[in-house]
Amino acid sequence: MKFDTKSIHEGRKPDPLTGAISTPIYQTSTFVFEDYDKPGEHDYSRTSNPTRSALGEAIAGLEGGHQGFAFSSGMAAVTTAIHLLKAGDHIISCDDLYGGSHRLFSEIMTKFGLEFTFMRLDDEEKIQEAIKPNTKMIWIETPSNPLLNITDLEMVSRIAKDNEILTAADNTFSSPYFLRPLEYNIDLVIHSTTKYLNGHSDVIGGAVVTSSEELSEEIQFLLNGMGTNASPLDSWLVLRGIKTLPLRMKKHAKNAMTIAQYLSDHPRVKEVFYPGLTSHKGHEIAKKQMDGFGGVVSFKIDTNVVEFLRGLDIFALAESLGGADSLVEHAATMSHASMNEEVRNKAGITDDLIRLSVGLEDVNDLIEDLDKGFK
Ligand SMILES: *Cc1c(COP(=O)(O)O)cnc(C)c1O
């Protein structure tokens, strides 16, 4: 099946009981055994639930993975994946990753004996140098948040395979419609389904997609053991959202490109970060590995940030991204406030940086709104 068809049919079968075409929300904690020592396919909803399994299958289908698992949040997915490791292990992570992942790694997981090196993953030699005998994982976000830096997945996975290191790619920003990291030999894909996969700003959720049976068993063991699973209702909402993923992603990317070009030409704008622009330093790699450039545009302005934000009407001042509604945020005080100032500045997340999640509105209205902000 082609992607658009998969978005609608992967993981979904008509309900065997009633024929319902919409996967039922199996809102139940437990499942009655057929007999002594004979559980059915599901026995307890933390371990597995039919609505959640359908979502896992749908996402795995889109990513081309072995199995997919749905979690209560993107952070629950990240937390579960990082628990594949143990005390004493070393992880190389990109340095401008999602603020919450950075906080989890640097302030929580270090308490349990994991060791991290945060660095830009754009230089083969530097990555080689950062590898230690105890390096067990490389954590990638591409495009990264909020600067849309691009990591060459093929290059990183080649280094990792040579050194028997696991690779995990947070694919939240692209969604599988634009990028499927497993095609580049990445081992694990992570999602905050809160963003594009659900797409309607009404769920907090996450997902992990694996590339092998062994990893699937480990993730299922951790999910069940840690209780990081998604609820049936949230799973259903994300399943519904995925049906329109291709349509939404196309419009997000088209609007974002138009806005990136508008900003590039604007005299009050110092720098625009969008991988679709030929001026973006990751453009060539993005063009090679992605089918489109996504809906997030960041930029730096040389005018008053607060006044600009207050001048906007349609762009709502809010964290998050990937929904139908356009959002604007100030990374330094909002999404990346959990990073300390020094780390933030080093990663290029300065006080003049603004991030847009370009929604599905008419792009002319969005540009008019930005004009108002500048005025
Ligand atoms: C939002 C986000 C997360 C965390 O997801 P939640 O659903 O908010 O827990 C992780 N990674 C990226 C890239 C994100 O944008």
# chains A, B, ... in the order shown; residues from 1 in each chain; ligands from 1
>>> closest_atom_pairs(of="chain A", to="ligand 1", cutoff="6 Å", atoms="only C-alpha atoms and all ligand atoms", output="Markdown table")
| residue | atom | partner | partner_atom_place_in_ligand_line | distance |
| --- | --- | --- | --- | --- |
| A:Ser73 | CA | ligand 1 | 9 (O) | 4.1 |
| A:Gly74 | CA | ligand 1 | 5 (O) | 3.3 |
| A:Met75 | CA | ligand 1 | 9 (O) | 3.9 |
| A:Tyr98 | CA | ligand 1 | 13 (C) | 5.1 |
| A:Asp170 | CA | ligand 1 | 13 (C) | 5.9 |
| A:Thr172 | CA | ligand 1 | 13 (C) | 5.0 |
| A:Ser192 | CA | ligand 1 | 5 (O) | 4.2 |
| A:Thr194 | CA | ligand 1 | 7 (O) | 4.8 |
| A:Ile204 | CA | ligand 1 | 7 (O) | 4.9 |
| A:Gly205 | CA | ligand 1 | 7 (O) | 5.0 |
| A:Gly206 | CA | ligand 1 | 7 (O) | 5.6 |
>>> select_by_dssp(residues="stretch 128-158 of chain A", states="strand (DSSP E or B)", output="list in words")
Thr135, Lys136, Met137, Ile138, Trp139, Ile140 and Glu141 of chain A
>>> closest_residue(among="A:Ser264, A:Gln67, A:Asn49, A:Thr303", to="A:Ser211", atoms="only C-alpha atoms")
A:Gln67
>>> closest_atom_pairs(of="stretch 53-126 of chain A", to="stretch 147-162 of chain A", cutoff="9 Å", atoms="only C-alpha atoms", output="tab-separated table")
residue	atom	partner	partner_atom	distance
A:Cys94	CA	A:Thr151	CA	8.9
A:Asp96	CA	A:Leu147	CA	7.5
A:Arg120	CA	A:Thr151	CA	8.5
A:Leu121	CA	A:Thr151	CA	6.1
A:Asp122	CA	A:Thr151	CA	6.1
A:Glu124	CA	A:Met155	CA	7.3
>>> write_last_selection(atoms="N, CA, C and O atoms", output="PDB file, in the first residue's frame")
ATOM      1  N   CYS A  94      22.260  14.652  20.385  1.00  0.00           N
ATOM      2  CA  CYS A  94      22.356  15.968  19.758  1.00  0.00           C
ATOM      3  C   CYS A  94      22.155  17.031  20.840  1.00  0.00           C
ATOM      4  O   CYS A  94      21.559  16.760  21.876  1.00  0.00           O
ATOM      5  N   ASP A  96      20.807  20.281  20.578  1.00  0.00           N
ATOM      6  CA  ASP A  96      19.654  21.190  20.593  1.00  0.00           C
ATOM      7  C   ASP A  96      18.354  20.401  20.506  1.00  0.00           C
ATOM      8  O   ASP A  96      17.473  20.690  19.729  1.00  0.00           O
ATOM      9  N   ARG A 120      26.705  18.540  18.501  1.00  0.00           N
ATOM     10  CA  ARG A 120      26.115  18.636  17.169  1.00  0.00           C
ATOM     11  C   ARG A 120      26.553  17.401  16.389  1.00  0.00           C
ATOM     12  O   ARG A 120      27.741  17.088  16.348  1.00  0.00           O
ATOM     13  N   LEU A 121      25.579  16.715  15.791  1.00  0.00           N
ATOM     14  CA  LEU A 121      25.904  15.459  15.103  1.00  0.00           C
ATOM     15  C   LEU A 121      26.121  15.695  13.601  1.00  0.00           C
ATOM     16  O   LEU A 121      25.493  15.053  12.763  1.00  0.00           O
ATOM     17  N   ASP A 122      26.994  16.633  13.273  1.00  0.00           N
ATOM     18  CA  ASP A 122      27.166  16.953  11.859  1.00  0.00           C
ATOM     19  C   ASP A 122      28.579  16.657  11.353  1.00  0.00           C
ATOM     20  O   ASP A 122      28.907  16.932  10.210  1.00  0.00           O
ATOM     21  N   GLU A 124      31.490  13.702  11.150  1.00  0.00           N
ATOM     22  CA  GLU A 124      31.779  12.285  11.339  1.00  0.00           C
ATOM     23  C   GLU A 124      32.947  12.070  12.308  1.00  0.00           C
ATOM     24  O   GLU A 124      32.878  11.228  13.202  1.00  0.00           O
TER      25      GLU A 124
END
>>> closest_residue(among="A:Ala286, A:Ala260, A:Leu317, A:Ile138", to="A:Asp95", atoms="only C-alpha atoms")
A:Ile138
>>> closest_residue(among="A:Met249, A:Lys372, A:Ala347, A:Ile259", to="A:Leu360", atoms="only C-alpha atoms")
A:Met249
>>> residues_around(residues="A:Leu239", least_positions_apart="3", cutoff="8 Å", atoms="only C-alpha atoms", output="PyMOL selection string")
chain A and resi 54-55+58+198+235-236+242-243
>>> write_last_selection(atoms="C-alpha atoms", output="mmCIF file, in the first residue's frame")
data_model
loop_
_atom_site.group_PDB
_atom_site.id
_atom_site.type_symbol
_atom_site.label_atom_id
_atom_site.label_comp_id
_atom_site.auth_asym_id
_atom_site.auth_seq_id
_atom_site.Cartn_x
_atom_site.Cartn_y
_atom_site.Cartn_z
ATOM 1 C CA ALA A 54 -4.302 -0.785 16.642
ATOM 2 C CA LEU A 55 -2.505 2.555 17.049
ATOM 3 C CA ALA A 58 -0.781 1.931 12.420
ATOM 4 C CA ASN A 198 -2.582 13.394 16.297
ATOM 5 C CA SER A 235 -5.047 5.993 21.358
ATOM 6 C CA TRP A 236 -8.322 6.289 19.466
ATOM 7 C CA ILE A 242 -3.535 9.716 11.448
ATOM 8 C CA LYS A 243 -6.214 9.208 8.777
#
>>> residues_around(residues="A:His283", least_positions_apart="3", cutoff="12 Å", atoms="only C-alpha atoms", output="list in words")
Thr142, Pro143, Leu148, Asn149, Ile150, Thr151, Asp152, Phe273, Tyr274, Pro275, Gly276, Leu277, Thr278, Ser279, His280, Ala286, Lys287, Lys288, Gln289, Met290, Gly292 and Phe293 of chain A
>>> atom_distance(atom1="atom CA of A:His90", atom2="atom CA of A:Met339")
20.3 Å
>>> atom_distance(atom1="atom CA of A:Ile354", atom2="atom CA of A:Ser101")
19.9 Å
>>> closest_residue(among="A:Ala318, A:Pro133, A:Ala331, A:Leu312", to="A:Asn345", atoms="only C-alpha atoms")
A:Ala331
>>> atom_distance(atom1="atom CA of A:Ser326", atom2="atom CA of A:Glu141")
22.1 Å
